[in-house]
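Engineer: Quick one, coords-v2.csv (CSV, C-alpha atoms and all ligand atoms):
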chain,number,residue,atom,x,y,z
A,227,MET,CA,-18.5,-21.7,13.6
A,228,SER,CA,-19.0,-18.0,14.3
A,229,GLY,CA,-16.9,-15.6,12.1
A,230,THR,CA,-16.6,-13.1,15.0
A,231,ASN,CA,-14.2,-12.7,17.9
A,232,ASN,CA,-14.6,-10.0,20.5
A,233,ALA,CA,-11.0,-8.5,20.6
A,234,THR,CA,-12.2,-5.8,22.9
A,235,ALA,CA,-15.7,-4.7,23.8
A,236,ALA,CA,-15.5,-2.2,20.9
A,237,THR,CA,-13.5,-4.0,18.2
A,238,ARG,CA,-15.0,-6.9,16.3
A,239,VAL,CA,-12.9,-9.1,14.1
A,240,VAL,CA,-15.1,-10.5,11.4
A,241,SER,CA,-13.9,-13.2,9.0
A,242,THR,CA,-16.9,-13.8,6.8
A,243,ILE,CA,-18.3,-11.5,4.1
A,244,SER,CA,-21.9,-12.2,5.1
A,245,GLU,CA,-21.3,-11.2,8.7
A,246,LEU,CA,-19.5,-8.1,7.7
A,247,ARG,CA,-22.2,-7.1,5.3
A,248,GLY,CA,-24.8,-7.7,8.1
A,249,LEU,CA,-23.0,-5.5,10.6
A,250,LEU,CA,-22.5,-2.7,8.0
A,251,ALA,CA,-26.1,-2.8,7.0
A,252,GLU,CA,-27.1,-2.2,10.7
A,253,ARG,CA,-24.8,0.7,11.0
A,254,ARG,CA,-25.8,2.2,7.7
A,255,ALA,CA,-29.5,2.0,8.7
A,256,GLY,CA,-28.5,4.3,11.6
A,257,GLY,CA,-27.0,6.8,9.1
A,258,ALA,CA,-23.3,5.9,9.5
A,259,SER,CA,-20.8,6.7,6.7
A,260,VAL,CA,-18.0,4.2,6.2
A,261,ALA,CA,-14.3,4.5,5.4
A,262,LEU,CA,-12.2,1.4,4.5
A,263,VAL,CA,-8.5,1.0,5.1
A,264,PRO,CA,-7.3,-2.0,3.1
A,265,THR,CA,-4.1,-3.6,4.6
A,266,MET,CA,-2.2,-6.8,4.7
A,267,GLY,CA,-1.6,-6.5,8.4
A,268,ALA,CA,1.8,-6.3,10.2
A,269,LEU,CA,0.6,-2.8,11.0
A,270,HIS,CA,3.0,0.0,11.7
A,271,ASP,CA,2.6,3.8,12.4
A,272,GLY,CA,2.1,4.4,8.6
A,273,HIS,CA,-1.0,2.2,8.7
A,274,LEU,CA,-2.2,3.9,11.9
A,275,ALA,CA,-1.9,7.2,10.1
A,276,LEU,CA,-4.3,5.9,7.5
A,277,VAL,CA,-6.7,4.8,10.2
A,278,ARG,CA,-6.6,8.2,11.9
A,279,ARG,CA,-7.4,9.8,8.5
A,280,ALA,CA,-10.3,7.4,8.0
A,281,ARG,CA,-11.7,8.3,11.4
A,282,ASP,CA,-11.7,11.9,10.3
A,283,LEU,CA,-13.5,11.1,7.1
A,284,ALA,CA,-16.3,8.8,8.2
A,285,ASP,CA,-18.4,7.6,11.2
A,286,LEU,CA,-17.3,4.0,10.9
A,287,VAL,CA,-13.8,2.7,10.0
A,288,VAL,CA,-13.4,-0.8,8.6
A,289,VAL,CA,-9.8,-2.1,8.4
A,290,SER,CA,-9.2,-5.1,6.3
A,291,ILE,CA,-6.3,-7.4,7.1
A,292,PHE,CA,-5.7,-9.9,4.3
A,293,VAL,CA,-2.4,-11.1,2.8
A,294,ASN,CA,-3.6,-11.4,-0.7
A,295,PRO,CA,-2.1,-14.4,-2.5
A,296,LEU,CA,-3.0,-13.0,-5.9
A,297,GLN,CA,-0.5,-10.2,-5.7
A,298,PHE,CA,2.5,-12.3,-4.9
A,299,GLY,CA,4.5,-14.1,-7.6
A,300,PRO,CA,5.6,-17.7,-7.2
A,301,ALA,CA,9.1,-16.7,-6.1
A,302,GLU,CA,8.0,-13.9,-3.8
A,303,ASP,CA,7.6,-13.7,0.0
A,304,LEU,CA,3.9,-14.8,0.5
A,305,ASP,CA,4.8,-17.4,3.1
A,306,ARG,CA,7.3,-15.2,4.8
A,307,TYR,CA,5.1,-12.1,4.8
A,308,PRO,CA,4.6,-11.1,8.5
A,309,ARG,CA,1.3,-12.1,10.0
A,310,THR,CA,0.7,-10.4,13.4
A,311,LEU,CA,-3.1,-10.4,13.8
A,312,ASP,CA,-3.3,-10.2,17.6
A,313,ALA,CA,-0.9,-7.2,17.7
A,314,ASP,CA,-2.7,-5.6,14.8
A,315,VAL,CA,-6.1,-5.9,16.4
A,316,ALA,CA,-4.7,-4.5,19.7
A,317,ALA,CA,-3.3,-1.5,17.9
A,318,LEU,CA,-6.6,-0.9,16.0
A,319,ALA,CA,-8.6,-1.3,19.2
A,320,ALA,CA,-6.4,1.4,20.9
A,321,LEU,CA,-7.5,3.7,18.0
A,322,GLY,CA,-11.2,2.8,18.6
A,323,VAL,CA,-11.6,0.9,15.3
A,324,GLU,CA,-14.9,-0.9,15.5
A,325,LEU,CA,-14.6,-3.4,12.6
A,326,VAL,CA,-11.7,-5.5,11.4
A,327,PHE,CA,-12.3,-7.7,8.4
A,328,ALA,CA,-9.8,-10.5,8.5
A,329,PRO,CA,-11.0,-13.2,6.0
A,330,SER,CA,-9.3,-16.4,5.1
A,331,ALA,CA,-8.0,-17.0,1.6
A,332,THR,CA,-10.9,-19.5,1.1
A,333,GLU,CA,-13.4,-16.9,2.1
A,334,MET,CA,-12.0,-14.4,-0.5
A,335,TYR,CA,-11.3,-17.0,-3.2
A,336,PRO,CA,-13.6,-20.0,-2.7
A,337,ASP,CA,-12.5,-21.5,-6.0
A,338,GLY,CA,-8.8,-21.1,-5.3
A,339,ARG,CA,-8.5,-17.9,-7.2
A,340,SER,CA,-11.0,-15.7,-9.0
A,341,SER,CA,-11.2,-16.5,-12.7
A,342,THR,CA,-12.4,-12.9,-13.3
A,343,SER,CA,-9.8,-10.3,-12.5
A,344,VAL,CA,-9.0,-6.6,-12.9
A,345,VAL,CA,-6.3,-5.9,-15.4
A,346,ALA,CA,-4.0,-3.0,-14.4
A,347,GLY,CA,-3.1,-2.1,-18.0
A,348,SER,CA,0.2,-0.8,-19.4
A,349,VAL,CA,1.2,1.3,-16.4
A,350,GLY,CA,0.6,-1.9,-14.3
A,351,GLY,CA,3.5,-3.5,-16.2
A,352,LEU,CA,6.0,-0.8,-15.4
A,353,TYR,CA,8.4,-0.4,-12.4
A,354,GLU,CA,6.9,-2.6,-9.6
A,355,GLY,CA,4.9,-4.4,-12.3
A,356,ALA,CA,8.0,-5.1,-14.4
A,357,SER,CA,9.7,-6.7,-11.4
A,358,ARG,CA,6.6,-8.4,-10.0
A,359,PRO,CA,4.6,-9.6,-13.1
A,360,GLY,CA,0.8,-9.8,-12.2
A,361,HIS,CA,1.3,-8.0,-8.9
A,362,PHE,CA,-1.0,-5.1,-9.8
A,363,ASP,CA,-3.7,-7.2,-11.4
A,364,GLY,CA,-3.8,-9.2,-8.1
A,365,MET,CA,-3.8,-6.0,-6.0
A,366,LEU,CA,-6.6,-4.3,-8.0
A,367,THR,CA,-8.6,-7.5,-8.0
A,368,VAL,CA,-8.6,-7.8,-4.2
A,369,VAL,CA,-9.2,-4.0,-3.8
A,370,ALA,CA,-12.2,-4.3,-6.2
A,371,LYS,CA,-13.5,-7.2,-4.1
A,372,LEU,CA,-13.0,-5.3,-0.8
A,373,PHE,CA,-14.7,-2.2,-2.4
A,374,ASN,CA,-17.7,-4.4,-3.3
A,375,ILE,CA,-17.8,-6.2,0.0
A,376,VAL,CA,-17.6,-3.0,2.2
A,377,ALA,CA,-19.1,-0.4,-0.2
A,378,PRO,CA,-17.4,2.4,1.7
A,379,GLU,CA,-17.9,6.1,0.9
A,380,PHE,CA,-14.1,6.5,1.4
A,381,ALA,CA,-11.0,4.4,1.0
A,382,VAL,CA,-7.6,5.4,2.4
A,383,PHE,CA,-4.2,4.4,1.0
A,384,GLY,CA,-0.6,5.4,1.7
A,385,GLN,CA,1.5,7.5,-0.7
A,386,LYS,CA,4.4,5.1,-0.1
A,387,ASP,CA,2.9,2.8,-2.6
A,388,ALA,CA,2.7,5.5,-5.3
A,389,GLN,CA,2.1,3.2,-8.2
A,390,GLN,CA,-0.6,1.3,-6.3
A,391,VAL,CA,-2.3,4.6,-5.5
A,392,PHE,CA,-2.1,5.7,-9.1
A,393,LEU,CA,-3.7,2.4,-10.3
A,394,VAL,CA,-6.4,2.3,-7.7
A,395,ARG,CA,-7.4,5.9,-8.6
A,396,ARG,CA,-7.4,5.0,-12.3
A,397,MET,CA,-9.5,1.8,-11.6
A,398,VAL,CA,-12.0,3.9,-9.7
A,399,ARG,CA,-12.2,6.4,-12.5
A,400,ASP,CA,-12.3,3.9,-15.3
A,401,LEU,CA,-14.9,1.7,-13.7
A,402,ASP,CA,-17.0,4.5,-12.2
A,403,VAL,CA,-16.6,3.2,-8.6
A,404,PRO,CA,-18.4,5.5,-6.3
A,405,ILE,CA,-15.7,5.7,-3.6
A,406,ALA,CA,-13.5,8.7,-2.8
A,407,ILE,CA,-9.8,7.7,-2.6
A,408,ASP,CA,-7.9,9.5,0.1
A,409,VAL,CA,-4.1,9.4,0.2
A,410,VAL,CA,-2.0,9.9,3.3
A,411,PRO,CA,1.7,11.0,3.1
A,412,THR,CA,4.4,8.5,3.8
A,413,VAL,CA,5.4,8.1,7.5
A,414,ARG,CA,9.2,8.0,8.0
A,415,GLU,CA,11.6,7.0,10.8
A,416,HIS,CA,13.6,9.9,12.3
A,417,ASP,CA,16.4,9.2,9.8
A,418,GLY,CA,14.1,9.2,6.7
A,419,LEU,CA,13.5,5.4,6.3
A,420,ALA,CA,9.9,5.0,5.0
A,421,LEU,CA,7.9,2.7,7.3
A,422,SER,CA,7.1,-0.6,5.8
A,423,SER,CA,5.9,-4.0,7.1
A,424,ARG,CA,9.0,-5.5,5.5
A,425,ASN,CA,11.4,-3.3,7.5
A,426,ARG,CA,11.2,-5.9,10.3
A,427,PHE,CA,13.3,-8.2,8.1
A,428,LEU,CA,16.2,-5.7,8.1
A,429,ASP,CA,19.1,-6.5,10.6
A,430,GLU,CA,21.1,-3.6,11.9
A,431,ALA,CA,23.5,-3.4,8.9
A,432,ALA,CA,20.7,-3.8,6.3
A,433,ARG,CA,18.6,-1.1,8.2
A,434,GLU,CA,21.6,1.3,7.7
A,435,THR,CA,21.9,0.3,4.0
A,436,ALA,CA,18.2,0.8,3.5
A,437,LEU,CA,18.6,4.5,4.1
A,438,VAL,CA,20.0,4.7,0.6
A,439,LEU,CA,16.5,4.9,-0.8
A,440,SER,CA,15.5,8.1,1.0
A,441,GLU,CA,19.0,9.5,0.5
A,442,ALA,CA,18.8,8.9,-3.2
A,443,LEU,CA,15.4,10.6,-3.3
A,444,GLY,CA,16.9,13.5,-1.3
A,445,ALA,CA,19.8,13.8,-3.7
A,446,ALA,CA,17.4,13.9,-6.6
A,447,ALA,CA,15.2,16.5,-4.9
A,448,ASP,CA,18.3,18.7,-4.2
A,449,SER,CA,19.5,18.7,-7.8
A,450,ALA,CA,16.0,18.6,-9.5
A,451,GLY,CA,16.3,22.3,-10.3
A,452,GLU,CA,19.0,21.4,-12.8
A,453,GLY,CA,16.7,19.0,-14.6
A,454,PRO,CA,15.8,15.3,-14.7
A,455,ALA,CA,19.2,14.0,-16.0
A,456,GLU,CA,21.1,15.7,-13.2
A,457,ALA,CA,18.6,14.5,-10.6
A,458,LEU,CA,19.0,10.9,-11.9
A,459,ALA,CA,22.8,11.2,-11.9
A,460,GLU,CA,22.8,12.4,-8.2
A,461,ALA,CA,20.5,9.5,-7.2
A,462,ALA,CA,22.7,7.0,-9.0
A,463,ALA,CA,25.7,8.5,-7.1
A,464,ALA,CA,23.9,8.0,-3.8
A,465,PHE,CA,23.5,4.3,-4.7
A,466,GLY,CA,27.1,4.1,-5.7
A,467,ASP,CA,28.1,5.0,-2.2
A,468,HIS,CA,26.2,2.1,-0.6
A,469,ASP,CA,27.4,-1.5,-0.9
A,470,GLY,CA,24.6,-4.1,-0.3
A,471,ALA,CA,21.8,-2.3,-1.9
A,472,GLU,CA,20.8,-3.6,-5.4
A,473,LEU,CA,19.0,-0.9,-7.3
A,474,ASP,CA,16.0,-2.1,-9.2
A,475,TYR,CA,14.8,1.2,-10.6
A,476,PHE,CA,15.0,4.9,-10.0
A,477,VAL,CA,12.7,6.8,-12.3
A,478,ILE,CA,11.4,10.3,-12.4
A,479,VAL,CA,7.8,10.2,-13.6
A,480,ASP,CA,4.9,12.6,-14.4
A,481,PRO,CA,2.4,12.2,-11.5
A,482,GLU,CA,-0.5,12.5,-13.9
A,483,THR,CA,0.6,9.6,-16.2
A,484,LEU,CA,3.2,7.8,-14.2
A,485,LEU,CA,5.3,7.7,-17.4
A,486,PRO,CA,9.0,8.9,-17.3
A,487,VAL,CA,9.3,12.7,-17.8
A,488,ALA,CA,10.9,14.2,-20.9
A,489,GLY,CA,14.5,15.4,-20.6
A,490,ASP,CA,13.4,19.0,-20.6
A,491,ALA,CA,10.5,18.6,-18.1
A,492,THR,CA,9.9,21.2,-15.5
A,493,GLY,CA,7.6,21.5,-12.5
A,494,PRO,CA,6.4,18.9,-10.0
A,495,ALA,CA,7.4,15.3,-10.7
A,496,LEU,CA,7.6,12.1,-8.7
A,497,ALA,CA,10.8,10.2,-8.1
A,498,ILE,CA,10.2,6.6,-7.5
A,499,VAL,CA,12.7,4.0,-6.4
A,500,ALA,CA,12.9,0.3,-5.6
A,501,ALA,CA,15.9,-1.6,-4.3
A,502,ARG,CA,16.8,-5.0,-2.8
A,503,VAL,CA,18.6,-4.8,0.5
A,504,GLY,CA,19.7,-8.3,1.3
A,505,VAL,CA,16.6,-10.4,0.6
A,506,THR,CA,14.2,-7.5,1.3
A,507,ARG,CA,12.8,-5.5,-1.5
A,508,LEU,CA,11.9,-1.9,-0.5
A,509,ILE,CA,10.2,0.9,-2.3
A,510,ASP,CA,9.9,4.7,-1.7
A,511,ASN,CA,9.1,7.9,-3.6
A,512,ARG,CA,9.1,11.7,-3.2
A,513,THR,CA,7.7,14.7,-5.0
A,514,ILE,CA,10.5,16.8,-6.6
A,515,GLN,CA,10.4,20.1,-8.3
A,516,LEU,CA,12.2,20.0,-11.7
A,517,GLY,CA,13.6,23.5,-12.7
A,601,LIG,O1,-1.0,-2.0,0.2
A,601,LIG,C1,-1.3,-3.1,0.6
A,601,LIG,O2,-1.1,-3.5,1.7
A,601,LIG,C2,-2.0,-4.0,-0.4
A,601,LIG,O3,-1.5,-3.9,-1.7
A,601,LIG,C3,-3.6,-3.9,-0.4
A,601,LIG,C4,-4.0,-2.5,-0.9
A,601,LIG,C5,-4.1,-4.1,1.0
A,601,LIG,C6,-4.2,-4.9,-1.3
A,601,LIG,O4,-3.9,-6.2,-0.9
Output the file's structure in the form of structure tokens.
Structural biologist:
Amino acid sequence: MSGTNNATAATRVVSTISELRGLLAERRAGGASVALVPTMGALHDGHLALVRRARDLADLVVVSIFVNPLQFGPAEDLDRYPRTLDADVAALAALGVELVFAPSATEMYPDGRSSTSVVAGSVGGLYEGASRPGHFDGMLTVVAKLFNIVAPEFAVFGQKDAQQVFLVRRMVRDLDVPIAIDVVPTVREHDGLALSSRNRFLDEAARETALVLSEALGAAADSAGEGPAEALAEAAAAFGDHDGAELDYFVIVDPETLLPVAGDATGPALAIVAARVGVTRLIDNRTIQLG
């Protein structure tokens, strides 16, 4: 069976590693540079912003669409995670993306799961990693595989997943991976809600409640001049005003280390937040200026 479909004349959806490598070798022989946008599909405007950035960076854009089982815990939403391949490919075709890599789980993990994995280290156990044990090991393992399969000059990620970006950058540095990591700012709805594939699970009431994440970040930013304790107190107060949102964490971290800032810290810091709204877990973050 062929691993290729022609979604449009210009967009090829490839499901096997060997076919993808063959196509990439042809394009590289013609001198093309390559940018990879790794995704799990269910694409929204935030992903499309990554694709536009990738187009600016390189001659050829590869978008991977793979819901990676390794980064979901046993009680998480792997089965429920939205899968919208046809719509995703149509959106990518409209942007002129030439290659979509959409492998099966068996193609990526022929033995069920890889027995070798990337370990995210201590920062991988904090925040998202504390709530989702093993998540970042699974994420880094599939990102490393995608980097090895595509061997791009550039890879583009979204700032919404701030801890993911931090860990990918650190993996690239620690393992001397010759890929430039490019990060695109979070795309938001008109009212501040960060775009996320999981937003489609929010009904009208939950959608309203979900605004608490960006509101808490805004409250922290507004009071950051008075120091981290005041910023955290204002963020907590924003959550206090919303029923229906269960705060997981709200932390102000040093962007260089991702560790919580000291009580007397000044200068730029990153406020990161995660909360459960109904059954949907959402994350967001914002740079703030501590005074
Ligand atoms: O951000 C995501 O969608 C995923 O974590 C990624 C980077 C595609 C790896 O599965």
Engineer: In Å, rounded to a single decimal, give me how far CA of Leu508 (chain A) is from CA of Leu473 (chain A).
Structural biologist: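 That distance, rounded to one decimal, is 9.9 Å.
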Engineer: Do a neighbour search on Ala446 (chain A) at 8 Å with only C-alpha atoms, toss out local chain neighbours closer than 5 positions, and write the hits as a VMD selection string.
Structural biologist: chain A and resid 456 to 458 460 to 461 497 514
Engineer: For ligand LIG 601 (chain A), return the neighbouring residues as a ChimeraX atom specification (distance at most 9 Å; all atoms listed in the file).
Structural biologist: /A:263-267,290-297,361-362,364-369,372,383-384,386-387,390-391,394,423
Engineer: Keeping only C-alpha atoms, write the selected residues as a PDB file, keeping the file's coordinate frame.
Structural biologist:
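What landed in out_34.pdb:
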ATOM      1  CA  VAL A 263      -8.500   1.000   5.100  1.00  0.00           C
ATOM      2  CA  PRO A 264      -7.300  -2.000   3.100  1.00  0.00           C
ATOM      3  CA  THR A 265      -4.100  -3.600   4.600  1.00  0.00           C
ATOM      4  CA  MET A 266      -2.200  -6.800   4.700  1.00  0.00           C
ATOM      5  CA  GLY A 267      -1.600  -6.500   8.400  1.00  0.00           C
ATOM      6  CA  SER A 290      -9.200  -5.100   6.300  1.00  0.00           C
ATOM      7  CA  ILE A 291      -6.300  -7.400   7.100  1.00  0.00           C
ATOM      8  CA  PHE A 292      -5.700  -9.900   4.300  1.00  0.00           C
ATOM      9  CA  VAL A 293      -2.400 -11.100   2.800  1.00  0.00           C
ATOM     10  CA  ASN A 294      -3.600 -11.400  -0.700  1.00  0.00           C
ATOM     11  CA  PRO A 295      -2.100 -14.400  -2.500  1.00  0.00           C
ATOM     12  CA  LEU A 296      -3.000 -13.000  -5.900  1.00  0.00           C
ATOM     13  CA  GLN A 297      -0.500 -10.200  -5.700  1.00  0.00           C
ATOM     14  CA  HIS A 361       1.300  -8.000  -8.900  1.00  0.00           C
ATOM     15  CA  PHE A 362      -1.000  -5.100  -9.800  1.00  0.00           C
ATOM     16  CA  GLY A 364      -3.800  -9.200  -8.100  1.00  0.00           C
ATOM     17  CA  MET A 365      -3.800  -6.000  -6.000  1.00  0.00           C
ATOM     18  CA  LEU A 366      -6.600  -4.300  -8.000  1.00  0.00           C
ATOM     19  CA  THR A 367      -8.600  -7.500  -8.000  1.00  0.00           C
ATOM     20  CA  VAL A 368      -8.600  -7.800  -4.200  1.00  0.00           C
ATOM     21  CA  VAL A 369      -9.200  -4.000  -3.800  1.00  0.00           C
ATOM     22  CA  LEU A 372     -13.000  -5.300  -0.800  1.00  0.00           C
ATOM     23  CA  PHE A 383      -4.200   4.400   1.000  1.00  0.00           C
ATOM     24  CA  GLY A 384      -0.600   5.400   1.700  1.00  0.00           C
ATOM     25  CA  LYS A 386       4.400   5.100  -0.100  1.00  0.00           C
ATOM     26  CA  ASP A 387       2.900   2.800  -2.600  1.00  0.00           C
ATOM     27  CA  GLN A 390      -0.600   1.300  -6.300  1.00  0.00           C
ATOM     28  CA  VAL A 391      -2.300   4.600  -5.500  1.00  0.00           C
ATOM     29  CA  VAL A 394      -6.400   2.300  -7.700  1.00  0.00           C
ATOM     30  CA  SER A 423       5.900  -4.000   7.100  1.00  0.00           C
TER      31      SER A 423
END
Engineer: Which of these residues is nearest to Arg309 (chain A), using all atoms listed in the file: A:Leu274, A:Leu269, A:Ala459, A:Ala370?
Structural biologist: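 That would be A:Leu269, the residue with the smallest distance to Arg309 (chain A).
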Engineer: Restrict the calculation to all atoms listed in the file, then for each residue of region 281-399 of chain A with any atom at most 9 Å from an atom of region 476-493 of chain A give the closest atom pair and their distance in Å to one decimal, rows by chain and rising residue number, as a tab-separated table.
Structural biologist:
residue	atom	partner	partner_atom	distance
A:Val349	CA	A:Leu484	CA	7.1
A:Leu352	CA	A:Leu485	CA	8.8
A:Tyr353	CA	A:Val477	CA	8.4
A:Gln389	CA	A:Leu484	CA	7.6
A:Phe392	CA	A:Leu484	CA	7.6
Engineer: Can you pull out every residue within 8 Å of region 314-319 of chain A, counting only C-alpha atoms, but drop anything in the same chain fewer than 6 positions away, and send it as a list in words?
Structural biologist: Ala233, Thr234, Ala236, Thr237, Val239, Gly267, Ala268, Leu269, Leu274 and Val326 of chain A
Engineer: Between A:Glu324, A:Asp363, A:Glu245, A:Glu430, which one has atoms that come closest to Ser343 (chain A), using all atoms listed in the file?
Structural biologist: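 Among the listed residues, A:Asp363 lies closest to Ser343 (chain A).
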Engineer: Can you work out which one of A:Ala436, A:Leu325, A:Leu496, A:Ile407 has the shortest atom-to-atom distance to Pro454 (chain A), counting all atoms listed in the file?
Structural biologist: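 With all atoms listed in the file as the atom set, the closest residue is A:Leu496.
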Engineer: Using only C-alpha atoms, which residue out of A:Val345, A:Val410, A:Ile243, A:Ala258 lies closest to Asp271 (chain A)?
Structural biologist: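 Smallest distance to Asp271 (chain A) is found for A:Val410.
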Engineer: I need the residue nearest Asp285 (chain A) from this list: A:Glu333, A:Glu354, A:Glu379, A:Asp408. Use only C-alpha atoms for the distance.
Structural biologist: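 Looking only at the distances to Asp285 (chain A), the closest residue turns out to be A:Glu379.
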